[in-house]
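Participant: Okay, so here is upload-v9.txt, and as you'll see once you scroll down, it has compact mmCIF, C-alpha atoms.
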# COMPACT_ATOMS: atom_id res chain seq x y z
CA MET A 1 -226.60 -123.31 88.05
CA ILE A 2 -227.33 -120.04 89.87
CA ASP A 3 -224.24 -120.66 92.01
CA ILE A 4 -222.00 -120.91 88.97
CA LEU A 5 -223.60 -117.84 87.44
CA SER A 6 -223.11 -115.71 90.57
CA ASN A 7 -219.56 -117.04 90.93
CA VAL A 8 -218.71 -116.08 87.37
CA ILE A 9 -220.28 -112.65 87.69
CA LEU A 10 -218.60 -111.90 91.02
CA LEU A 11 -215.21 -113.11 89.81
CA ALA A 12 -215.54 -111.07 86.62
CA PHE A 13 -216.36 -107.95 88.63
CA LEU A 14 -213.41 -108.71 90.94
CA ALA A 15 -211.07 -108.89 87.96
CA ILE A 16 -212.51 -105.70 86.46
CA THR A 17 -212.12 -103.89 89.79
CA ALA A 18 -208.53 -105.10 90.14
CA ILE A 19 -207.63 -103.91 86.64
CA ALA A 20 -209.34 -100.59 87.32
CA ILE A 21 -207.34 -100.18 90.56
CA VAL A 22 -204.10 -100.83 88.70
CA ARG A 23 -204.92 -98.33 85.96
CA MET A 24 -206.28 -95.56 88.19
CA THR A 25 -204.09 -92.69 89.37
CA ASN A 26 -206.60 -90.91 91.59
CA LEU A 27 -206.00 -92.14 95.14
CA PHE A 28 -209.53 -91.34 96.32
CA ALA A 29 -211.04 -93.43 93.53
CA ILE A 30 -208.59 -96.25 94.27
CA ILE A 31 -209.68 -96.35 97.93
CA MET A 32 -213.32 -96.50 96.88
CA LEU A 33 -212.49 -99.33 94.48
CA PHE A 34 -210.69 -101.17 97.30
CA GLY A 35 -213.95 -101.00 99.25
CA ILE A 36 -215.87 -102.33 96.28
CA PHE A 37 -213.30 -105.10 95.88
CA SER A 38 -213.77 -106.14 99.51
CA LEU A 39 -217.54 -106.08 99.17
CA LEU A 40 -217.34 -108.28 96.07
CA SER A 41 -215.05 -110.73 97.90
CA ALA A 42 -217.55 -110.77 100.75
CA GLY A 43 -220.26 -111.68 98.26
CA LEU A 44 -218.04 -114.44 96.90
CA PHE A 45 -217.51 -115.80 100.42
CA VAL A 46 -221.27 -115.83 100.96
CA VAL A 47 -221.71 -117.87 97.78
CA MET A 48 -219.09 -120.27 99.16
CA ASP A 49 -221.16 -120.60 102.38
CA ALA A 50 -218.43 -118.96 104.48
CA ALA A 51 -220.75 -116.52 106.22
CA ASP A 52 -218.38 -115.67 109.07
CA VAL A 53 -215.50 -114.82 106.74
CA ALA A 54 -217.85 -112.79 104.55
CA PHE A 55 -219.01 -110.91 107.62
CA THR A 56 -215.45 -110.05 108.60
CA GLU A 57 -214.50 -109.09 105.06
CA ALA A 58 -217.51 -106.79 104.67
CA ALA A 59 -217.06 -105.16 108.08
CA VAL A 60 -213.28 -104.79 108.04
CA GLY A 61 -212.36 -104.69 104.38
CA ALA A 62 -215.22 -102.65 103.00
CA GLY A 63 -215.95 -100.68 106.16
CA ILE A 64 -213.21 -99.85 108.62
CA SER A 65 -210.14 -100.10 106.40
CA THR A 66 -211.76 -97.86 103.77
CA VAL A 67 -212.44 -95.24 106.43
CA LEU A 68 -208.90 -95.58 107.77
CA MET A 69 -207.41 -95.17 104.31
CA LEU A 70 -209.60 -92.12 103.71
CA ALA A 71 -208.42 -90.67 107.02
CA THR A 72 -204.84 -91.27 105.92
CA LEU A 73 -205.55 -89.71 102.54
CA ALA A 74 -206.88 -86.62 104.29
CA LEU A 75 -203.55 -86.34 106.13
CA ILE A 76 -201.15 -86.63 103.22
CA LYS A 77 -200.90 -83.85 100.72
CA SER A 78 -202.66 -84.58 97.47
CA GLN A 79 -199.69 -84.80 95.21
CA LYS A 80 -199.89 -85.69 91.59
CA GLU A 81 -198.64 -89.16 90.84
CA LYS A 82 -195.41 -89.41 88.94
CA LYS A 83 -195.73 -90.63 85.44
CA PRO A 84 -194.25 -94.10 84.98
CA SER A 85 -190.66 -94.00 83.89
CA ALA A 86 -189.82 -95.04 80.38
CA HIS A 87 -188.24 -98.40 81.28
CA ARG A 88 -189.21 -101.38 79.21
CA PRO A 89 -192.02 -103.49 80.66
CA TRP A 90 -190.89 -106.78 79.10
CA LEU A 91 -188.87 -108.23 81.99
CA PRO A 92 -191.52 -107.57 84.70
CA LEU A 93 -194.20 -108.79 82.32
CA ALA A 94 -192.30 -112.03 81.69
CA VAL A 95 -191.80 -112.59 85.45
CA VAL A 96 -195.48 -112.00 86.12
CA ALA A 97 -196.56 -114.24 83.25
CA VAL A 98 -194.30 -117.12 84.32
CA THR A 99 -195.35 -116.82 87.98
CA GLY A 100 -199.00 -116.69 86.97
CA ALA A 101 -198.58 -119.73 84.74
CA PHE A 102 -197.00 -121.69 87.62
CA LEU A 103 -199.82 -120.65 89.96
CA ILE A 104 -202.47 -121.74 87.48
CA TYR A 105 -200.55 -125.00 86.97
CA GLY A 106 -200.56 -125.43 90.75
CA THR A 107 -204.34 -125.07 90.96
CA LEU A 108 -204.73 -128.15 88.74
CA ASP A 109 -203.65 -130.35 91.69
CA ILE A 110 -205.94 -128.65 94.21
CA PRO A 111 -208.98 -130.77 95.09
CA ASN A 112 -212.34 -129.49 93.92
CA PHE A 113 -214.26 -127.01 96.04
CA GLY A 114 -216.12 -128.87 98.78
CA ASP A 115 -214.51 -132.21 97.93
CA PRO A 116 -215.17 -134.45 100.99
CA ASN A 117 -211.95 -136.38 100.33
CA ALA A 118 -209.74 -133.29 100.35
CA PRO A 119 -206.97 -133.43 103.00
CA ALA A 120 -208.41 -130.37 104.70
CA GLN A 121 -211.71 -132.17 105.24
CA THR A 122 -210.32 -135.47 106.50
CA HIS A 123 -207.90 -134.33 109.22
CA VAL A 124 -209.63 -132.69 112.22
CA ALA A 125 -212.69 -131.26 110.48
CA PRO A 126 -214.85 -134.40 111.00
CA TYR A 127 -214.07 -134.36 114.71
CA TYR A 128 -215.15 -130.73 115.04
CA LEU A 129 -218.29 -131.26 112.98
CA GLU A 130 -219.33 -134.31 115.01
CA LYS A 131 -218.29 -133.22 118.50
CA ALA A 132 -218.71 -129.44 118.51
CA MET A 133 -222.44 -129.51 119.24
CA PRO A 134 -222.47 -132.15 122.01
CA GLU A 135 -219.23 -130.88 123.59
CA THR A 136 -219.82 -127.14 123.58
CA GLY A 137 -223.56 -126.75 122.90
CA VAL A 138 -222.80 -124.04 120.36
CA PRO A 139 -224.61 -124.49 117.04
CA ASN A 140 -222.18 -122.31 115.08
CA VAL A 141 -219.18 -124.56 114.59
CA VAL A 142 -216.99 -121.64 113.54
CA THR A 143 -217.54 -119.92 116.88
CA ALA A 144 -217.00 -123.18 118.76
CA ILE A 145 -213.65 -123.76 117.01
CA LEU A 146 -212.46 -120.15 117.25
CA ALA A 147 -213.43 -119.51 120.86
CA SER A 148 -213.11 -122.94 122.43
CA TYR A 149 -211.02 -125.50 120.53
CA ARG A 150 -208.61 -122.87 119.20
CA GLY A 151 -209.10 -120.51 122.12
CA PHE A 152 -205.38 -120.02 122.57
CA ASP A 153 -204.98 -118.94 118.92
CA THR A 154 -207.78 -116.42 119.31
CA LEU A 155 -206.16 -115.10 122.49
CA GLY A 156 -203.06 -114.49 120.41
CA GLU A 157 -205.12 -112.76 117.72
CA VAL A 158 -206.68 -110.43 120.27
CA ALA A 159 -203.19 -109.71 121.59
CA VAL A 160 -202.17 -108.86 118.01
CA VAL A 161 -205.09 -106.43 117.64
CA PHE A 162 -204.22 -104.89 121.01
CA THR A 163 -200.57 -104.59 119.97
CA ALA A 164 -201.62 -102.86 116.75
CA GLY A 165 -203.52 -100.26 118.76
CA VAL A 166 -200.59 -99.75 121.12
CA ALA A 167 -198.20 -99.43 118.17
CA VAL A 168 -200.37 -96.81 116.47
CA LEU A 169 -200.60 -94.86 119.72
CA LEU A 170 -196.85 -95.04 120.25
CA LEU A 171 -195.99 -94.05 116.69
CA ILE A 172 -198.41 -91.24 115.89
CA GLY A 173 -200.67 -90.93 118.93
CA GLY A 174 -200.65 -88.59 121.85
CA ARG A 175 -200.16 -85.35 119.90
CA ARG A 176 -197.13 -84.89 122.11
CA LYS A 177 -194.93 -83.38 119.43
CA LYS A 178 -197.57 -80.93 118.30
CA GLN A 179 -198.24 -79.86 121.87
CA LYS A 180 -194.55 -79.39 122.47
CA THR A 181 -194.18 -77.18 119.41
CA LEU A 182 -197.31 -75.30 120.42
CA ILE A 183 -195.98 -74.83 123.92
CA GLU A 184 -192.64 -73.74 122.54
CA ASN A 185 -194.36 -71.26 120.28
CA ASN A 186 -196.49 -70.07 123.16
CA THR A 187 -193.55 -69.74 125.48
CA ASN A 188 -191.61 -67.93 122.78
CA ALA A 189 -194.58 -65.65 122.26
CA ASN A 190 -194.93 -65.22 126.00
CA THR A 191 -191.28 -64.44 126.44
CA ASN A 192 -191.54 -62.02 123.55
CA ILE A 193 -194.53 -60.40 125.18
CA LYS A 194 -192.80 -60.51 128.52
CA THR A 195 -189.68 -58.95 127.16
CA LYS A 196 -191.75 -56.36 125.41
CA THR A 197 -193.83 -55.63 128.48
CA GLY A 198 -190.71 -55.89 130.56
CA THR A 199 -188.93 -53.35 128.41
CA ASN A 200 -192.06 -51.24 128.48
CA LYS A 201 -192.16 -51.49 132.23
CA GLU A 202 -188.52 -50.79 132.45
CA THR A 203 -188.91 -47.78 130.23
CA ASN A 204 -191.93 -46.80 132.28
CA ASN A 205 -189.93 -47.30 135.42
CA LYS A 206 -187.13 -45.39 133.90
CA LYS A 207 -189.52 -42.72 132.83
CA ALA A 208 -191.31 -42.70 136.13
CA PRO A 209 -188.47 -41.40 138.23
CA ASN A 210 -187.73 -38.83 135.61
CA GLU A 211 -191.28 -37.67 135.80
CA THR A 212 -191.29 -37.57 139.53
CA MET B 1 -220.09 -82.45 106.92
CA LYS B 2 -221.30 -80.81 110.10
CA HIS B 3 -223.98 -78.75 108.38
CA ASN B 4 -225.48 -81.38 106.13
CA LEU B 5 -229.00 -81.82 107.47
CA ILE B 6 -229.77 -85.03 105.58
CA LEU B 7 -226.61 -86.75 106.80
CA ARG B 8 -227.26 -85.68 110.37
CA VAL B 9 -230.85 -86.94 110.40
CA VAL B 10 -230.14 -90.20 108.59
CA SER B 11 -227.12 -91.02 110.71
CA LYS B 12 -229.10 -90.34 113.87
CA PHE B 13 -231.54 -92.98 112.69
CA LEU B 14 -228.80 -95.37 111.63
CA ILE B 15 -226.43 -95.24 114.59
CA PRO B 16 -228.78 -96.88 117.15
CA LEU B 17 -229.59 -99.59 114.64
CA ILE B 18 -225.90 -100.23 113.95
CA ILE B 19 -225.15 -100.48 117.67
CA LEU B 20 -228.12 -102.79 118.16
CA PHE B 21 -226.91 -104.95 115.29
CA ALA B 22 -223.43 -105.04 116.82
CA LEU B 23 -224.88 -106.27 120.11
CA TYR B 24 -226.92 -108.87 118.23
CA VAL B 25 -223.83 -110.11 116.39
CA GLN B 26 -221.91 -110.11 119.68
CA PHE B 27 -224.32 -112.15 121.75
CA HIS B 28 -225.84 -114.21 118.96
CA GLY B 29 -222.46 -115.23 117.56
CA ASP B 30 -222.74 -118.77 118.89
CA PHE B 31 -225.99 -119.34 117.01
CA GLY B 32 -225.55 -117.36 113.81
CA PRO B 33 -222.60 -116.04 111.89
CA GLY B 34 -220.52 -113.46 113.65
CA GLY B 35 -218.80 -113.12 116.98
CA GLY B 36 -216.75 -110.74 119.02
CA PHE B 37 -214.47 -109.59 116.22
CA GLN B 38 -217.22 -108.65 113.79
CA ALA B 39 -219.34 -107.13 116.55
CA GLY B 40 -216.45 -104.98 117.72
CA VAL B 41 -215.84 -103.71 114.21
CA ILE B 42 -219.54 -102.94 113.66
CA PHE B 43 -219.77 -101.12 116.98
CA SER B 44 -216.74 -99.00 116.18
CA ALA B 45 -218.25 -98.31 112.73
CA ALA B 46 -221.25 -96.71 114.48
CA ILE B 47 -219.00 -94.39 116.50
CA ILE B 48 -216.87 -93.61 113.44
CA LEU B 49 -220.03 -92.68 111.51
CA TYR B 50 -220.91 -90.33 114.35
CA ALA B 51 -217.41 -88.86 114.24
CA LEU B 52 -217.60 -88.40 110.47
CA VAL B 53 -220.93 -86.57 110.60
CA PHE B 54 -220.78 -84.66 113.89
CA GLY B 55 -217.05 -84.14 114.16
CA LEU B 56 -214.22 -85.75 116.04
CA ASN B 57 -214.58 -83.64 119.17
CA ALA B 58 -218.23 -84.64 119.60
CA ALA B 59 -217.32 -88.32 119.21
CA GLU B 60 -214.50 -88.04 121.74
CA LYS B 61 -217.00 -86.58 124.19
CA ILE B 62 -218.96 -89.86 124.00
CA ILE B 63 -215.94 -92.10 124.39
CA PRO B 64 -212.83 -90.27 125.60
CA GLN B 65 -209.46 -91.66 124.55
CA ARG B 66 -208.62 -92.39 128.17
CA ILE B 67 -211.56 -94.80 128.44
CA LEU B 68 -210.68 -96.38 125.10
CA HIS B 69 -207.19 -97.16 126.37
CA ILE B 70 -208.67 -98.84 129.43
CA LEU B 71 -211.22 -100.77 127.34
CA ALA B 72 -208.61 -102.03 124.87
CA SER B 73 -206.62 -103.62 127.66
CA LEU B 74 -209.74 -104.68 129.57
CA GLY B 75 -210.93 -106.92 126.72
CA LEU B 76 -207.62 -108.74 126.46
CA PHE B 77 -207.56 -108.99 130.25
CA ILE B 78 -211.04 -110.59 130.32
CA TYR B 79 -209.93 -113.15 127.76
CA ALA B 80 -206.74 -114.06 129.61
CA ALA B 81 -208.51 -113.98 132.98
CA VAL B 82 -211.08 -116.54 131.81
CA GLY B 83 -208.17 -118.86 131.14
CA VAL B 84 -206.68 -118.26 134.58
CA VAL B 85 -210.07 -118.78 136.26
CA ALA B 86 -210.38 -122.08 134.41
CA MET B 87 -207.01 -123.07 135.88
CA LEU B 88 -208.20 -122.05 139.37
CA PHE B 89 -211.20 -124.34 138.92
CA GLY B 90 -208.80 -127.17 138.22
CA GLY B 91 -208.83 -127.33 134.44
CA ASN B 92 -206.30 -126.46 131.79
CA TYR B 93 -205.70 -122.89 130.65
CA LEU B 94 -208.73 -121.71 128.60
CA ASP B 95 -210.54 -125.00 129.22
CA TYR B 96 -214.05 -123.66 129.83
CA SER B 97 -215.62 -127.01 130.69
CA VAL B 98 -214.88 -126.58 134.40
CA LEU B 99 -216.51 -123.13 134.62
CA GLY B 100 -220.10 -124.38 134.79
CA SER B 101 -222.03 -127.16 136.47
CA THR B 102 -221.99 -129.20 133.26
CA GLN B 103 -219.48 -129.25 130.44
CA VAL B 104 -221.90 -127.60 127.99
CA ALA B 105 -222.84 -124.86 130.48
CA GLY B 106 -219.18 -124.15 131.20
CA GLN B 107 -218.29 -124.03 127.53
CA HIS B 108 -221.21 -121.71 126.86
CA LEU B 109 -220.22 -119.31 129.63
CA GLY B 110 -216.56 -119.40 128.64
CA ILE B 111 -217.26 -118.73 124.96
CA LEU B 112 -219.62 -115.86 125.87
CA LEU B 113 -217.04 -114.19 128.13
CA VAL B 114 -214.20 -114.71 125.71
CA GLU B 115 -216.18 -113.29 122.80
CA LEU B 116 -217.09 -110.32 124.98
CA GLY B 117 -213.41 -109.71 125.62
CA VAL B 118 -212.65 -109.94 121.91
CA GLY B 119 -215.46 -107.50 121.10
CA ILE B 120 -214.37 -104.93 123.67
CA THR B 121 -210.72 -104.98 122.60
CA VAL B 122 -211.45 -104.91 118.87
CA SER B 123 -213.94 -102.04 119.05
CA ALA B 124 -211.67 -100.02 121.34
CA VAL B 125 -208.58 -100.59 119.19
CA MET B 126 -210.43 -99.73 115.96
CA LEU B 127 -211.63 -96.49 117.54
CA ILE B 128 -208.15 -95.72 118.90
CA ILE B 129 -206.66 -96.18 115.44
CA TYR B 130 -209.35 -94.06 113.79
CA PHE B 131 -209.19 -91.27 116.38
CA THR B 132 -205.40 -91.23 116.19
CA PHE B 133 -205.35 -91.03 112.40
CA ALA B 134 -208.18 -88.53 112.13
CA GLY B 135 -206.88 -86.50 115.06
CA ARG B 136 -203.62 -85.84 113.24
CA GLY B 137 -205.37 -83.59 110.75
CA ARG B 138 -207.05 -81.55 113.45
CA GLU B 139 -205.54 -78.30 114.53
Show me this structure written as structure tokens.

Facilitator:
Amino acid sequence: MIDILSNVILLAFLAITAIAIVRMTNLFAIIMLFGIFSLLSAGLFVVMDAADVAFTEAAVGAGISTVLMLATLALIKSQKEKKPSAHRPWLPLAVVAVTGAFLIYGTLDIPNFGDPNAPAQTHVAPYYLEKAMPETGVPNVVTAILASYRGFDTLGEVAVVFTAGVAVLLLIGGRRKKQKTLIENNTNANTNIKTKTGTNKETNNKKAPNET
Amino acid sequence: MKHNLILRVVSKFLIPLIILFALYVQFHGDFGPGGGFQAGVIFSAAIILYALVFGLNAAEKIIPQRILHILASLGLFIYAAVGVVAMLFGGNYLDYSVLGSTQVAGQHLGILLVELGVGITVSAVMLIIYFTFAGRGRE
């Protein structure tokens, strides 16, 4: 009973947050709502007993990605959003409604949550649940699957994370461009100063013999 | 936010706890929920909190970018190296069972090392991304 109640409340808040995100125009508020959305999803995952996924969602979705989006927001100029153009909303609305109807129709065939006869539960899941503890000695089956049985997948995931870092560094890292412009400005300034001092010296030199 | 006394004091209390929690999640991941990925993110969150409150330059003094670059590749290297070591011991790639005296001991050691690699890479990459983004606005 309490499970259903918390599910309904969390899902209702998720829907409200999503609608609020769509209707907002203030980017800062939207980023905050994204964080709230992630936190609510994390709560939903906890109710579904997926503690590891909830952990990741709370740490990454509500934590790091919010900070990253705020850092990006600080970079871009705060420009006022354009008002929506006056095109008619009927065609997009019809597409969305039909797609949504098909998706809801599709959920009718999905087995119930936690159904032991669902295809996902009858393939390799029983093997993992039975053998993970005696084979690896790790009580957390999720860790055993991720790190040991699917170790190669996780290696690929780590490579993806690493590649993301390298890509960010290559694209916007290094401050090379800024330094170059700074150096150029400095060298221009220096040459200006040099030319000025040089001309001064020259004039001095020119003056000096006159004086002597 | 450099001059906000409350933020400075509270974050000084929080940051050690966050790092401790990250270590707990890292090395307790085989018993409770969590693992290298979550631990790496939580650890980087502690440093990012420090950077937000005390400034980017202060945070880069703790962990310079140069070290972050090394750490990001080190974690992936540890992961891949565990696989190669398993091959040297006569098993398949990333088959940890041959690493220890018994299968369970080998699996335990392998999972611990691999999760450590994941944690190091994830925390370093998250910090690299944050420092790169936040560093763009700095003059």

Participant: Give as a VMD selection string every residue of chain A that touches chain B within 8 Å, counting only C-alpha atoms.

Facilitator: chain A and resid 51 to 52 55 to 56 59 to 60 63 to 64 68 71 to 72 74 to 75 134 to 140 143 to 144 147 to 148 151 to 152 155 158 to 159 161 to 162 164 to 165 168 to 169 172 to 175

Participant: Take the point (-220.7, -83.5, 116.3) in the file's coordinates, draw a sphere of radius 12 Å around it, and report as a PyMOL selection string every protein, DNA or RNA residue with an atom inside or on it, counting only C-alpha atoms.

Facilitator: chain B and resi 1-4+7-8+11-12+47-62

Participant: Any chance you could export the current selection's C-alpha atoms as a compact mmCIF listing (two decimals), in the coordinates of the input?

Facilitator:
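again-v9.txt written:
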# COMPACT_ATOMS: atom_id res chain seq x y z
CA MET B 1 -220.09 -82.45 106.92
CA LYS B 2 -221.30 -80.81 110.10
CA HIS B 3 -223.98 -78.75 108.38
CA ASN B 4 -225.48 -81.38 106.13
CA LEU B 7 -226.61 -86.75 106.80
CA ARG B 8 -227.26 -85.68 110.37
CA SER B 11 -227.12 -91.02 110.71
CA LYS B 12 -229.10 -90.34 113.87
CA ILE B 47 -219.00 -94.39 116.50
CA ILE B 48 -216.87 -93.61 113.44
CA LEU B 49 -220.03 -92.68 111.51
CA TYR B 50 -220.91 -90.33 114.35
CA ALA B 51 -217.41 -88.86 114.24
CA LEU B 52 -217.60 -88.40 110.47
CA VAL B 53 -220.93 -86.57 110.60
CA PHE B 54 -220.78 -84.66 113.89
CA GLY B 55 -217.05 -84.14 114.16
CA LEU B 56 -214.22 -85.75 116.04
CA ASN B 57 -214.58 -83.64 119.17
CA ALA B 58 -218.23 -84.64 119.60
CA ALA B 59 -217.32 -88.32 119.21
CA GLU B 60 -214.50 -88.04 121.74
CA LYS B 61 -217.00 -86.58 124.19
CA ILE B 62 -218.96 -89.86 124.00

Participant: Given 6 Å on each side, where is the centre and what are the edge lengths in Å to one decimal of the axis-aligned box enclosing the listed atoms of stretch 92-97 of chain A, as AutoDock Vina command-line options?

Facilitator:
--center_x -194.0 --center_y -110.9 --center_z 83.9 --size_x 17.0 --size_y 18.7 --size_z 16.4

Participant: Of the residues A:Val142, A:Ala86, A:Met69, A:Leu108, which is the one nearest to A:Phe28, using all atoms listed in the file?

Facilitator: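 Under the stated criterion, the closest residue is A:Met69.
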
Participant: Could you work out how far atom CA of A:Val47 lies from atom CA of A:Ile4, giving the answer in Å with one decimal?

Facilitator: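 Straight-line distance from atom CA of A:Ile4 to atom CA of A:Val47 works out to 9.3 Å.
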
Participant: Using all atoms listed in the file, which residue out of B:Asn92, B:Val9, B:Leu20, B:Ala81 lies closest to B:Phe43?

Facilitator: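 Using all atoms listed in the file, B:Phe43 sits closest to B:Leu20.
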
Participant: Please measure the separation of atom CA of A:Asn26 and atom CA of A:Val67, giving the value in Å to one decimal.

Facilitator: 16.5 Å

Participant: Quote the spacing between atom CA of A:Ser6 and atom CA of A:Leu44 in Å to one decimal place.

Facilitator: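 Between atom CA of A:Ser6 and atom CA of A:Leu44 the gap works out to 8.2 Å.
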
Participant: Excluding same-chain residues fewer than 3 positions from A:Ser38, what lies within 7 Å of it counting all atoms listed in the file, as a ChimeraX atom specification?

Facilitator: /A:34-35,41-42,57-58,61-62
